[in-house]
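This is protein.txt. It holds compact mmCIF, C-alpha atoms and all ligand atoms.
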# COMPACT_ATOMS: atom_id res chain seq x y z
CA MET A 1 -32.83 -27.19 -1.10
CA HIS A 2 -31.24 -24.38 0.88
CA GLN A 3 -27.60 -24.60 1.91
CA GLU A 4 -28.42 -24.70 5.65
CA THR A 5 -30.45 -27.86 4.99
CA ILE A 6 -27.86 -29.42 2.67
CA ALA A 7 -25.19 -28.82 5.33
CA LEU A 8 -27.19 -31.05 7.70
CA HIS A 9 -28.50 -33.76 5.39
CA GLY A 10 -26.51 -33.75 2.13
CA GLY A 11 -24.98 -37.10 1.19
CA TYR A 12 -26.43 -39.03 4.13
CA ASP A 13 -29.90 -40.40 4.65
CA GLY A 14 -29.33 -42.76 7.55
CA ASN A 15 -28.25 -46.40 7.47
CA GLU A 16 -29.51 -49.80 8.64
CA GLN A 17 -28.83 -48.95 12.29
CA GLY A 18 -30.72 -45.68 11.95
CA THR A 19 -27.81 -43.61 13.26
CA MET A 20 -28.58 -39.90 13.09
CA ALA A 21 -24.90 -38.98 13.17
CA VAL A 22 -22.75 -40.08 10.25
CA PRO A 23 -20.72 -43.10 11.48
CA ILE A 24 -16.92 -43.06 11.46
CA TYR A 25 -15.72 -45.92 9.28
CA GLN A 26 -12.30 -46.25 10.81
CA THR A 27 -10.84 -48.83 8.45
CA THR A 28 -7.98 -49.05 5.98
CA ALA A 29 -9.49 -51.68 3.69
CA TYR A 30 -12.69 -53.47 2.62
CA ALA A 31 -13.44 -57.14 2.01
CA PHE A 32 -14.43 -58.20 -1.51
CA ASP A 33 -17.17 -60.81 -2.12
CA SER A 34 -14.99 -62.66 -4.62
CA THR A 35 -12.07 -62.15 -6.99
CA GLU A 36 -14.62 -61.29 -9.68
CA HIS A 37 -16.12 -58.57 -7.44
CA ALA A 38 -12.61 -57.23 -6.78
CA ALA A 39 -11.82 -57.24 -10.50
CA ASP A 40 -15.06 -55.37 -11.28
CA LEU A 41 -14.22 -52.72 -8.69
CA PHE A 42 -10.74 -52.20 -10.11
CA ALA A 43 -12.19 -52.05 -13.63
CA LEU A 44 -14.82 -49.48 -12.50
CA LYS A 45 -17.62 -51.83 -13.61
CA ASP A 46 -18.79 -51.67 -10.03
CA LEU A 47 -18.21 -48.55 -7.93
CA GLY A 48 -17.42 -49.72 -4.43
CA ASN A 49 -14.86 -49.49 -1.69
CA ILE A 50 -11.37 -50.82 -2.28
CA TYR A 51 -8.92 -49.15 0.09
CA THR A 52 -9.14 -46.00 2.23
CA ARG A 53 -6.34 -44.25 0.32
CA LEU A 54 -8.89 -44.14 -2.54
CA MET A 55 -12.25 -43.89 -0.77
CA ASN A 56 -13.99 -44.25 2.59
CA PRO A 57 -17.72 -44.16 3.46
CA THR A 58 -17.29 -41.35 6.04
CA THR A 59 -15.18 -39.30 3.66
CA ASP A 60 -17.73 -40.05 0.93
CA VAL A 61 -20.45 -38.22 2.91
CA LEU A 62 -18.14 -35.21 3.34
CA GLU A 63 -17.38 -35.21 -0.39
CA LYS A 64 -21.01 -35.51 -1.45
CA ARG A 65 -22.11 -32.83 1.00
CA PHE A 66 -19.38 -30.42 -0.12
CA ALA A 67 -20.18 -31.00 -3.79
CA LEU A 68 -23.85 -30.19 -3.07
CA MET A 69 -22.97 -27.06 -1.09
CA GLU A 70 -20.75 -25.76 -3.90
CA GLU A 71 -23.35 -26.84 -6.50
CA GLY A 72 -20.66 -28.98 -8.12
CA ALA A 73 -20.75 -32.44 -9.71
CA ALA A 74 -18.33 -34.22 -7.38
CA ALA A 75 -15.64 -33.60 -4.78
CA ILE A 76 -12.41 -35.18 -3.58
CA ALA A 77 -11.46 -34.71 0.06
CA THR A 78 -7.75 -34.47 0.83
CA ALA A 79 -5.54 -34.46 3.90
CA SER A 80 -5.03 -30.68 3.83
CA GLY A 81 -5.77 -27.57 1.82
CA ALA A 82 -2.19 -27.61 0.55
CA SER A 83 -2.69 -31.08 -0.96
CA ALA A 84 -6.03 -30.08 -2.52
CA ILE A 85 -4.29 -27.18 -4.28
CA PHE A 86 -1.41 -29.39 -5.36
CA TYR A 87 -3.90 -31.94 -6.76
CA ALA A 88 -5.74 -29.25 -8.72
CA PHE A 89 -2.48 -28.34 -10.47
CA ALA A 90 -1.13 -31.89 -10.74
CA ASN A 91 -4.40 -33.01 -12.34
CA VAL A 92 -3.79 -30.75 -15.34
CA ALA A 93 -0.15 -29.70 -15.61
CA GLU A 94 3.07 -31.51 -16.37
CA ALA A 95 6.67 -30.51 -17.09
CA GLY A 96 6.71 -27.82 -19.77
CA ASP A 97 3.24 -26.51 -18.91
CA ASN A 98 2.42 -23.29 -17.10
CA ILE A 99 -0.25 -22.15 -14.67
CA LEU A 100 -1.50 -18.63 -14.02
CA VAL A 101 -1.58 -17.82 -10.33
CA ALA A 102 -2.89 -14.73 -8.57
CA LYS A 103 -0.17 -12.84 -6.73
CA GLN A 104 -2.65 -12.14 -3.96
CA ALA A 105 -2.62 -15.61 -2.45
CA TYR A 106 -1.92 -17.69 0.60
CA GLY A 107 1.85 -17.90 1.32
CA GLY A 108 1.86 -21.69 0.95
CA THR A 109 0.32 -21.41 -2.52
CA THR A 110 3.06 -19.00 -3.55
CA THR A 111 5.84 -21.30 -2.31
CA LEU A 112 4.17 -24.36 -3.89
CA THR A 113 3.81 -22.71 -7.28
CA GLY A 114 6.98 -20.60 -7.27
CA HIS A 115 9.39 -23.19 -5.93
CA THR A 116 8.20 -26.80 -5.62
CA LEU A 117 6.22 -26.99 -8.89
CA LYS A 118 9.03 -25.13 -10.63
CA ARG A 119 11.34 -28.02 -9.74
CA PHE A 120 8.81 -30.32 -11.45
CA GLY A 121 9.12 -28.20 -14.60
CA ILE A 122 5.77 -26.42 -14.18
CA GLU A 123 6.05 -22.67 -14.52
CA ALA A 124 3.87 -20.31 -12.46
CA ARG A 125 2.99 -17.03 -14.15
CA TYR A 126 1.77 -14.54 -11.57
CA PHE A 127 -0.87 -11.95 -12.20
CA ASP A 128 -2.35 -9.07 -10.26
CA ILE A 129 -6.07 -9.60 -9.58
CA HIS A 130 -6.63 -5.92 -10.38
CA ASP A 131 -5.14 -6.19 -13.87
CA LEU A 132 -6.94 -9.03 -15.65
CA ASP A 133 -6.08 -7.70 -19.12
CA ALA A 134 -2.41 -8.24 -18.28
CA MET A 135 -3.32 -11.72 -17.04
CA GLU A 136 -4.86 -12.58 -20.40
CA GLN A 137 -1.58 -11.71 -22.11
CA LEU A 138 0.16 -14.46 -20.10
CA ILE A 139 -1.95 -17.25 -21.63
CA ASP A 140 -0.41 -19.52 -24.25
CA ALA A 141 -1.01 -23.04 -25.62
CA ARG A 142 0.71 -24.62 -22.60
CA SER A 143 -1.35 -22.74 -19.99
CA LYS A 144 -3.37 -25.31 -18.02
CA MET A 145 -5.11 -23.45 -15.22
CA ILE A 146 -5.94 -20.00 -13.88
CA PHE A 147 -5.91 -19.90 -10.09
CA PHE A 148 -7.16 -17.22 -7.71
CA GLU A 149 -8.58 -16.85 -4.19
CA VAL A 150 -12.14 -15.59 -3.80
CA ILE A 151 -11.07 -13.66 -0.67
CA PRO A 152 -7.26 -13.63 -0.70
CA ASN A 153 -5.56 -14.53 2.55
CA PRO A 154 -4.21 -12.23 3.98
CA SER A 155 -4.80 -9.16 1.76
CA VAL A 156 -8.64 -9.55 1.55
CA GLU A 157 -8.88 -7.68 -1.78
CA LEU A 158 -11.56 -8.86 -4.18
CA THR A 159 -11.39 -9.46 -7.90
CA ASP A 160 -14.09 -9.51 -10.53
CA ILE A 161 -14.91 -13.23 -10.65
CA GLU A 162 -17.11 -13.05 -13.75
CA LYS A 163 -14.41 -11.17 -15.64
CA ILE A 164 -11.77 -13.82 -14.86
CA ALA A 165 -14.32 -16.50 -15.78
CA GLY A 166 -14.98 -14.76 -19.10
CA ILE A 167 -11.27 -14.80 -20.00
CA ALA A 168 -10.99 -18.45 -18.95
CA ALA A 169 -14.02 -19.35 -21.09
CA LYS A 170 -12.68 -17.47 -24.11
CA HIS A 171 -9.42 -19.46 -24.03
CA ARG A 172 -11.10 -22.71 -22.87
CA ILE A 173 -8.79 -22.91 -19.90
CA LEU A 174 -9.80 -24.29 -16.52
CA LEU A 175 -10.44 -21.74 -13.78
CA CYS A 176 -9.78 -22.78 -10.20
CA ALA A 177 -10.94 -20.73 -7.21
CA ASP A 178 -9.68 -21.14 -3.66
CA ASN A 179 -12.87 -20.57 -1.68
CA THR A 180 -11.39 -21.19 1.79
CA VAL A 181 -12.16 -17.78 3.27
CA ALA A 182 -15.49 -17.05 1.59
CA THR A 183 -16.84 -20.61 1.99
CA PRO A 184 -19.87 -21.76 -0.05
CA ILE A 185 -22.05 -19.84 2.41
CA LEU A 186 -20.85 -16.50 1.01
CA CYS A 187 -20.01 -17.46 -2.55
CA LYS A 188 -20.31 -20.38 -4.95
CA PRO A 189 -17.63 -19.79 -7.59
CA LEU A 190 -18.81 -22.74 -9.73
CA THR A 191 -22.05 -20.85 -10.38
CA LEU A 192 -20.01 -17.83 -11.53
CA GLY A 193 -17.97 -19.69 -14.14
CA ALA A 194 -15.17 -21.41 -12.18
CA ASP A 195 -14.52 -25.05 -13.14
CA VAL A 196 -12.85 -26.21 -9.95
CA VAL A 197 -13.05 -25.00 -6.35
CA VAL A 198 -10.50 -25.88 -3.71
CA HIS A 199 -10.65 -25.34 0.03
CA SER A 200 -8.58 -25.63 3.08
CA THR A 201 -11.27 -27.16 5.30
CA SER A 202 -8.85 -26.61 8.22
CA LYS A 203 -10.32 -23.13 8.57
CA TYR A 204 -14.04 -22.25 8.62
CA THR A 205 -15.24 -25.74 7.74
CA THR A 206 -13.82 -27.43 10.80
CA GLY A 207 -14.66 -24.17 12.56
CA GLN A 208 -13.13 -24.84 15.91
CA GLY A 209 -9.56 -25.44 14.84
CA LEU A 210 -9.91 -29.20 15.23
CA ALA A 211 -8.91 -30.90 12.02
CA LEU A 212 -6.71 -30.36 9.00
CA GLY A 213 -8.33 -31.06 5.65
CA GLY A 214 -8.89 -29.99 2.09
CA VAL A 215 -11.40 -30.51 -0.66
CA MET A 216 -11.51 -30.09 -4.41
CA VAL A 217 -14.90 -29.74 -6.14
CA GLU A 218 -15.55 -29.82 -9.88
CA SER A 219 -18.23 -28.05 -11.83
CA GLN A 220 -21.14 -29.79 -13.55
CA MET A 221 -20.03 -28.04 -16.75
CA ILE A 222 -16.38 -29.06 -16.77
CA LEU A 223 -16.82 -31.47 -19.70
CA GLU A 224 -17.55 -28.52 -21.96
CA LYS A 225 -14.01 -27.28 -21.32
CA LEU A 226 -12.25 -30.66 -21.38
CA ALA A 227 -13.90 -32.45 -24.32
CA ASP A 228 -12.11 -32.03 -27.67
CA ASN A 229 -9.73 -29.56 -26.08
CA PRO A 230 -6.09 -30.15 -27.08
CA ARG A 231 -5.01 -28.39 -23.87
CA TYR A 232 -6.25 -31.35 -21.85
CA SER A 233 -5.20 -34.35 -23.91
CA HIS A 234 -4.58 -36.48 -20.80
CA PHE A 235 -8.31 -36.28 -20.12
CA THR A 236 -9.34 -37.06 -23.69
CA GLU A 237 -6.71 -39.67 -24.60
CA PRO A 238 -6.24 -43.15 -23.04
CA ASP A 239 -4.47 -43.22 -19.65
CA GLU A 240 -1.88 -46.02 -19.86
CA SER A 241 -1.59 -46.06 -16.07
CA TYR A 242 -5.26 -47.07 -15.89
CA HIS A 243 -5.54 -49.61 -18.73
CA GLY A 244 -6.40 -47.09 -21.41
CA LEU A 245 -9.22 -45.29 -19.60
CA VAL A 246 -10.41 -42.07 -21.26
CA TYR A 247 -11.60 -39.84 -18.40
CA THR A 248 -14.00 -37.72 -20.44
CA GLU A 249 -15.76 -40.83 -21.80
CA VAL A 250 -16.60 -42.74 -18.60
CA GLY A 251 -19.73 -40.76 -17.80
CA LEU A 252 -18.49 -39.85 -14.30
CA PRO A 253 -17.27 -36.38 -13.22
CA PRO A 254 -13.88 -36.54 -14.99
CA PHE A 255 -11.75 -34.20 -12.88
CA SER A 256 -12.51 -35.99 -9.62
CA LEU A 257 -12.26 -39.39 -11.27
CA ARG A 258 -8.75 -38.70 -12.48
CA ALA A 259 -7.77 -37.17 -9.13
CA ARG A 260 -9.03 -40.28 -7.33
CA LEU A 261 -7.63 -42.88 -9.67
CA ALA A 262 -4.28 -41.25 -10.36
CA LEU A 263 -3.51 -38.69 -7.64
CA LEU A 264 -4.97 -40.32 -4.54
CA ARG A 265 -3.56 -43.60 -5.80
CA ASP A 266 -0.06 -42.24 -6.37
CA PHE A 267 0.33 -39.39 -3.84
CA GLY A 268 -2.11 -40.56 -1.20
CA ALA A 269 -2.80 -37.32 0.66
CA THR A 270 -6.05 -38.84 1.93
CA PRO A 271 -7.96 -37.58 4.98
CA SER A 272 -8.34 -39.84 7.99
CA PRO A 273 -11.98 -40.97 8.44
CA PHE A 274 -11.98 -39.30 11.85
CA ASN A 275 -11.00 -35.94 10.36
CA SER A 276 -13.68 -36.34 7.69
CA TRP A 277 -16.19 -36.91 10.48
CA LEU A 278 -15.02 -33.79 12.35
CA LEU A 279 -15.36 -31.77 9.15
CA ILE A 280 -18.92 -33.05 8.67
CA GLN A 281 -19.76 -31.76 12.16
CA GLY A 282 -18.22 -28.42 11.18
CA LEU A 283 -20.29 -28.13 8.00
CA GLU A 284 -23.51 -28.56 10.01
CA THR A 285 -23.08 -25.15 11.67
CA LEU A 286 -21.10 -23.35 8.95
CA ALA A 287 -23.96 -21.12 7.80
CA LEU A 288 -24.71 -19.89 11.32
CA ARG A 289 -21.07 -19.27 12.08
CA MET A 290 -20.28 -17.41 8.84
CA LYS A 291 -23.14 -15.04 9.54
CA GLN A 292 -21.84 -14.27 13.02
CA HIS A 293 -18.16 -14.07 11.91
CA SER A 294 -19.20 -11.56 9.23
CA GLU A 295 -21.33 -9.43 11.56
CA SER A 296 -18.66 -9.27 14.26
CA ALA A 297 -15.85 -8.60 11.77
CA LEU A 298 -17.80 -5.67 10.32
CA GLU A 299 -18.20 -4.21 13.79
CA VAL A 300 -14.48 -4.60 14.55
CA ALA A 301 -13.53 -3.21 11.12
CA LYS A 302 -15.66 -0.10 11.70
CA PHE A 303 -14.04 0.36 15.11
CA LEU A 304 -10.51 0.05 13.65
CA GLU A 305 -11.36 2.42 10.82
CA ARG A 306 -12.22 5.12 13.38
CA HIS A 307 -9.03 4.58 15.39
CA PRO A 308 -6.43 7.35 14.83
CA LYS A 309 -3.45 4.98 15.10
CA VAL A 310 -4.75 2.70 12.35
CA LYS A 311 -3.55 3.71 8.88
CA LYS A 312 -5.77 1.47 6.85
CA VAL A 313 -8.36 -1.30 7.24
CA ASN A 314 -8.90 -3.95 4.58
CA TYR A 315 -12.37 -5.39 4.85
CA PRO A 316 -14.66 -5.66 1.84
CA GLY A 317 -17.73 -5.41 4.09
CA LEU A 318 -16.92 -1.75 4.86
CA THR A 319 -18.83 0.71 2.68
CA SER A 320 -15.58 2.68 2.36
CA SER A 321 -13.77 -0.33 0.88
CA PRO A 322 -12.87 -0.14 -2.82
CA ASP A 323 -14.14 -3.74 -3.00
CA HIS A 324 -17.53 -3.08 -1.43
CA VAL A 325 -19.35 -3.16 -4.78
CA LEU A 326 -17.86 -6.57 -5.61
CA CYS A 327 -18.70 -7.77 -2.10
CA GLN A 328 -22.35 -6.77 -2.60
CA LYS A 329 -22.42 -8.30 -6.05
CA TYR A 330 -20.87 -11.69 -5.31
CA PHE A 331 -21.45 -12.48 -1.63
CA THR A 332 -24.67 -13.61 0.03
CA GLU A 333 -26.35 -10.76 1.90
CA GLY A 334 -23.15 -8.71 1.72
CA MET A 335 -21.41 -11.01 4.23
CA ALA A 336 -17.62 -10.70 4.00
CA SER A 337 -16.33 -13.44 6.39
CA GLY A 338 -14.28 -12.94 9.53
CA LEU A 339 -10.95 -12.11 7.93
CA LEU A 340 -9.70 -8.53 7.99
CA GLY A 341 -6.39 -6.75 7.83
CA PHE A 342 -5.30 -3.47 9.34
CA GLU A 343 -2.14 -1.51 8.98
CA LEU A 344 -0.11 0.26 11.61
CA GLU A 345 2.69 2.76 11.13
CA SER A 346 5.59 0.30 11.01
CA LYS A 347 6.66 -3.31 11.33
CA GLU A 348 7.88 -2.62 14.90
CA GLU A 349 4.54 -1.10 15.89
CA ALA A 350 2.65 -4.07 14.38
CA GLN A 351 4.84 -6.48 16.31
CA ARG A 352 4.34 -4.51 19.53
CA VAL A 353 0.55 -4.49 19.13
CA ALA A 354 0.39 -8.17 18.15
CA ASP A 355 2.46 -9.07 21.21
CA ALA A 356 0.23 -6.98 23.51
CA LEU A 357 -3.03 -8.69 22.49
CA LYS A 358 -4.46 -10.99 25.15
CA LEU A 359 -7.81 -12.36 23.98
CA PHE A 360 -6.63 -12.60 20.36
CA LYS A 361 -4.15 -15.46 20.22
CA LEU A 362 -1.08 -15.23 18.01
CA VAL A 363 -1.68 -18.17 15.70
CA VAL A 364 -0.97 -18.93 12.06
CA ASN A 365 -4.50 -20.02 11.35
CA ILE A 366 -7.84 -18.47 10.45
CA GLY A 367 -11.48 -19.47 10.70
CA ASP A 368 -11.38 -20.70 14.28
CA SER A 369 -14.26 -19.87 16.61
CA LYS A 370 -11.58 -18.23 18.78
CA SER A 371 -10.17 -14.95 17.51
CA ILE A 372 -6.70 -14.97 16.04
CA ALA A 373 -4.10 -12.35 15.17
CA THR A 374 -1.22 -12.93 12.79
CA HIS A 375 1.70 -10.77 11.75
CA PRO A 376 2.18 -12.18 8.23
CA ALA A 377 5.55 -10.51 7.57
CA SER A 378 7.18 -12.44 10.42
CA THR A 379 5.27 -15.73 10.05
CA THR A 380 3.14 -17.04 7.16
CA HIS A 381 4.85 -14.79 4.61
CA GLN A 382 8.36 -14.78 6.10
CA GLN A 383 9.71 -17.00 3.30
CA LEU A 384 8.51 -14.66 0.56
CA SER A 385 10.85 -12.24 -1.18
CA GLU A 386 10.30 -8.47 -0.98
CA GLN A 387 8.73 -8.60 -4.45
CA GLU A 388 6.44 -11.51 -3.53
CA LEU A 389 5.38 -9.71 -0.33
CA ILE A 390 4.31 -6.63 -2.28
CA GLY A 391 2.44 -8.86 -4.73
CA ALA A 392 0.63 -10.62 -1.89
CA GLY A 393 -0.33 -7.26 -0.38
CA VAL A 394 1.70 -7.85 2.78
CA THR A 395 3.47 -4.91 4.45
CA GLY A 396 5.47 -4.99 7.67
CA GLY A 397 2.76 -3.00 9.44
CA LEU A 398 -0.04 -5.39 8.46
CA ILE A 399 -1.85 -7.38 11.13
CA ARG A 400 -4.36 -9.96 10.01
CA LEU A 401 -7.29 -10.71 12.26
CA SER A 402 -9.58 -13.68 12.10
CA ILE A 403 -12.62 -12.61 14.05
CA GLY A 404 -14.06 -15.45 16.09
CA LEU A 405 -17.34 -15.94 17.86
CA GLU A 406 -16.54 -14.04 21.09
CA HIS A 407 -18.64 -10.97 21.87
CA PRO A 408 -17.26 -8.21 19.61
CA ALA A 409 -17.12 -5.74 22.54
CA ASP A 410 -14.52 -7.94 24.25
CA LEU A 411 -12.48 -8.09 21.05
CA MET A 412 -12.56 -4.32 20.64
CA ALA A 413 -11.51 -3.86 24.28
CA ASP A 414 -8.53 -6.12 23.67
CA LEU A 415 -7.54 -4.22 20.52
CA THR A 416 -7.88 -0.91 22.36
CA GLN A 417 -5.56 -1.90 25.19
CA ALA A 418 -3.02 -3.32 22.74
CA ILE A 419 -3.00 -0.36 20.33
CA GLU A 420 -3.06 2.32 23.00
CA GLY A 421 -1.05 0.41 25.62
C1 LIG A 501 -4.74 -22.33 5.03
C2 LIG A 501 -4.94 -22.10 3.62
C3 LIG A 501 -4.45 -23.01 2.67
C4 LIG A 501 -3.67 -24.25 3.07
O1 LIG A 501 -4.48 -25.16 3.75
P1 LIG A 501 -3.97 -26.24 4.83
O2 LIG A 501 -5.21 -26.93 5.22
O3 LIG A 501 -3.32 -25.48 5.93
O4 LIG A 501 -2.99 -27.12 4.12
C5 LIG A 501 -4.72 -22.75 1.34
N1 LIG A 501 -5.39 -21.66 0.94
C6 LIG A 501 -5.85 -20.75 1.82
C7 LIG A 501 -6.59 -19.57 1.33
C8 LIG A 501 -5.64 -20.94 3.18
O5 LIG A 501 -6.11 -20.03 4.05

In structure tokens, write the structure found in this file.
Ligand SMILES: *Cc1c(COP(=O)(O)O)cnc(C)c1O
Amino acid sequence: MHQETIALHGGYDGNEQGTMAVPIYQTTAYAFDSTEHAADLFALKDLGNIYTRLMNPTTDVLEKRFALMEEGAAAIATASGASAIFYAFANVAEAGDNILVAKQAYGGTTTLTGHTLKRFGIEARYFDIHDLDAMEQLIDARSKMIFFEVIPNPSVELTDIEKIAGIAAKHRILLCADNTVATPILCKPLTLGADVVVHSTSKYTTGQGLALGGVMVESQMILEKLADNPRYSHFTEPDESYHGLVYTEVGLPPFSLRARLALLRDFGATPSPFNSWLLIQGLETLALRMKQHSESALEVAKFLERHPKVKKVNYPGLTSSPDHVLCQKYFTEGMASGLLGFELESKEEAQRVADALKLFKLVVNIGDSKSIATHPASTTHQQLSEQELIGAGVTGGLIRLSIGLEHPADLMADLTQAIEG
């Protein structure tokens, strides 16, 4: 089936009441038929609802639909993108291990990996997405995951996904892609060799800036990397916290199973059923919106590229972009999403222009149907050191735009008055 169809029907085929819309199951817990039924559920002999921290029928539809859209085996929905990323790492790494993380990443991912995980004894080794040979040199026996963003927020530079996947395959190490900005409409990293995909669904998935959420999807091929692999002994050896369960031997998608049984159980960053429902509504129109976001962003990018006061425009959809070949190779119909960056002469000039925008709102978000401008150096990336800023591709003069669904002519008029004002 095509993704537009999956986005409308995946994971839900009606119920006894015949409701067309997926119902919101606003409940914390579920009644068992008997103590035996309860025991079977806890022992995984029967797969049913126990408690909403672990599973919920509304969230289940979101998870199934997302897994289908990413062509994965299973998905776990989380309360936010930040928790989905944390779960991806926490599912594989423990004190003494290391993870390889792209420097070109969301600011929150850099603080999570560089500071919070460090306090848990997990070391982040950063690599430049343009130097994958150097990345390979960072791998050792304690490396548990390679992590990158398909379209990095905010630098929007692309990397060669198949090349990273090749290195990950050679070392039998899990590859995780943050697909927040590209969305499954543009790119399906699991079909290009990634093992896990994470998303902040707070962005394009919800679409109208309505709900925070995250999702983690695993590949149908992940067992090939986990089975008999000493790197991942906690998947192949009995889990004492779950009466000796061996995740790779249950016959269920192992990465999601462990995330549900251990991480949702113990950390509990679970979405509310209402947010899951909002995200399902968002998915229904995602394909249409991504097409429009991409078309409008290309128009705005071309306009900025021609403007004499603009030093540089980062948008892989531009034919002049060094990443245009990768964009054509990896993204559906050359779409490049609504995220673009442009550079002005100085930090002061960027702040002046950002402050003068009227239709673009100054917001630390992306993927809304309303257009957004951000000055990363003073907001999302303020907590990063000078070195981390350079790594993330953030300069003082950089303004990030998330092009919404307004008419592009109105957006260009707003940019003109702000830049020339
Ligand atoms: C926003 C974002 C996150 C964090 O997601 P939240 O839903 O805000 O927790 C992670 N990665 C990328 C690429 C993002 O844009």

Taking (-3.6, -0.1, 21.5) in the coordinates of the supplied file, I want to know which residues reach to within 10 Å of it, counting all atoms listed in the file; could you give the answer as a PyMOL selection string?
chain A and resi 307+309-310+349+352-354+356-357+412-421

Produce as a PyMOL selection string the set of residues near ligand LIG 501 (chain A), where near means within 10 Å with only C-alpha atoms and all ligand atoms considered.
chain A and resi 78-86+104-110+148-154+177-182+198-204+211-215+364-367+380

I'd like the contact shell of segment 231-237 of chain A - 8 Å cut-off, only C-alpha atoms, skipping same-chain residues fewer than 3 positions apart - returned as a list of chain:residue names.
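Using only C-alpha atoms, the neighbours found are A:Val92, A:Ala141, A:Arg142, A:Ser143, A:Lys144, A:Ile173, A:Leu226, A:Ala227, A:Asp228, A:Leu245, A:Val246, A:Tyr247, A:Thr248, A:Glu249, A:Pro254.
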
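Closest approach to Leu54 of chain A among A:Leu283, A:Ala134, A:Leu304, A:Leu257: A:Leu257, based on only C-alpha atoms.
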
Residues within 7 Å of segment 161-164 of chain A, please, as a PyMOL selection string. Count all atoms listed in the file; anything in the same chain fewer than 6 positions from it doesn't count.
chain A and resi 132+192-193

How would the residues just chosen look if you wrote them out with C-alpha atoms as an mmCIF file, in the frame of the given file?
data_model
loop_
_atom_site.group_PDB
_atom_site.id
_atom_site.type_symbol
_atom_site.label_atom_id
_atom_site.label_comp_id
_atom_site.auth_asym_id
_atom_site.auth_seq_id
_atom_site.Cartn_x
_atom_site.Cartn_y
_atom_site.Cartn_z
ATOM 1 C CA LEU A 132 -6.940 -9.030 -15.650
ATOM 2 C CA LEU A 192 -20.010 -17.830 -11.530
ATOM 3 C CA GLY A 193 -17.970 -19.690 -14.140
#

Closest to Phe267 of chain A among A:Ala90, A:Cys327, A:Leu398, A:Ile129, using all atoms listed in the file?
A:Ala90

Give me the residues within 10 Å of Leu210 of chain A as a VMD selection string, counting only C-alpha atoms and dropping any in the same chain fewer than 3 places off.
chain A and resid 202 to 203 205 to 207 213 275 278 to 279 282 368

Name the closest residue to Val325 of chain A among the candidates A:Asp128, A:Asp160, A:Leu41, A:Met135; distances are taken between atoms, counting all atoms listed in the file.
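Result for the nearest residue to Val325 of chain A: A:Asp160.
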
Would you compute the distance between atom CA of Tyr87 of chain A and atom CA of Arg258 of chain A? Give it in Å to one decimal.
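These two atoms are separated by 10.1 Å.
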
Identify which of the residues A:Pro273, A:Ser296, A:Ala7, A:Gly209 lies closest to Thr27 of chain A, counting only C-alpha atoms when measuring atom-to-atom distances.
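Comparing A:Pro273, A:Ser296, A:Ala7, A:Gly209 against Thr27 of chain A, the winner is A:Pro273.
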
Atomic separation - atom CA of Thr285 of chain A relative to atom CA of Ser337 of chain A, Å:
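These atoms are spaced 14.5 Å apart.
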
Neighbouring residues of Gly10 of chain A were defined as those with any atom within 8 Å, considering all atoms listed in the file; residues of the same chain fewer than 5 positions away were excluded. Please report them as an MDAnalysis selection string.
chainID A and resid 5 61 64:65 68

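Distances to Asp239 of chain A were evaluated for A:Ala269, A:Leu223, A:Leu318, A:Ala262 using all atoms listed in the file, and the minimum falls at A:Ala262.
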
Pairwise distance for atom CA of Met335 of chain A and atom CA of Leu362 of chain A, rounded to one decimal in Å:
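Going from atom CA of Met335 of chain A over to atom CA of Leu362 of chain A covers 24.9 Å.
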
Can you tell me which residues surround Gln26 of chain A at a distance of at most 10 Å, considering only C-alpha atoms, apart from same-chain residues fewer than 3 positions away, and format the answer as number ranges by chain?
A: 23, 29, 52, 56-58, 272-274

Using the file's own x, y and z axes, so that the box edges lie along x, y and z, what centre and edge lengths in Å (one decimal) does a box around every listed atom of segment 399-412 of chain A get when 3 Å is added on each side? Give it as lines of an AutoDock Vina configuration file.
center_x = -10.2
center_y = -10.1
center_z = 17.1
size_x = 22.8
size_y = 17.6
size_z = 20.2
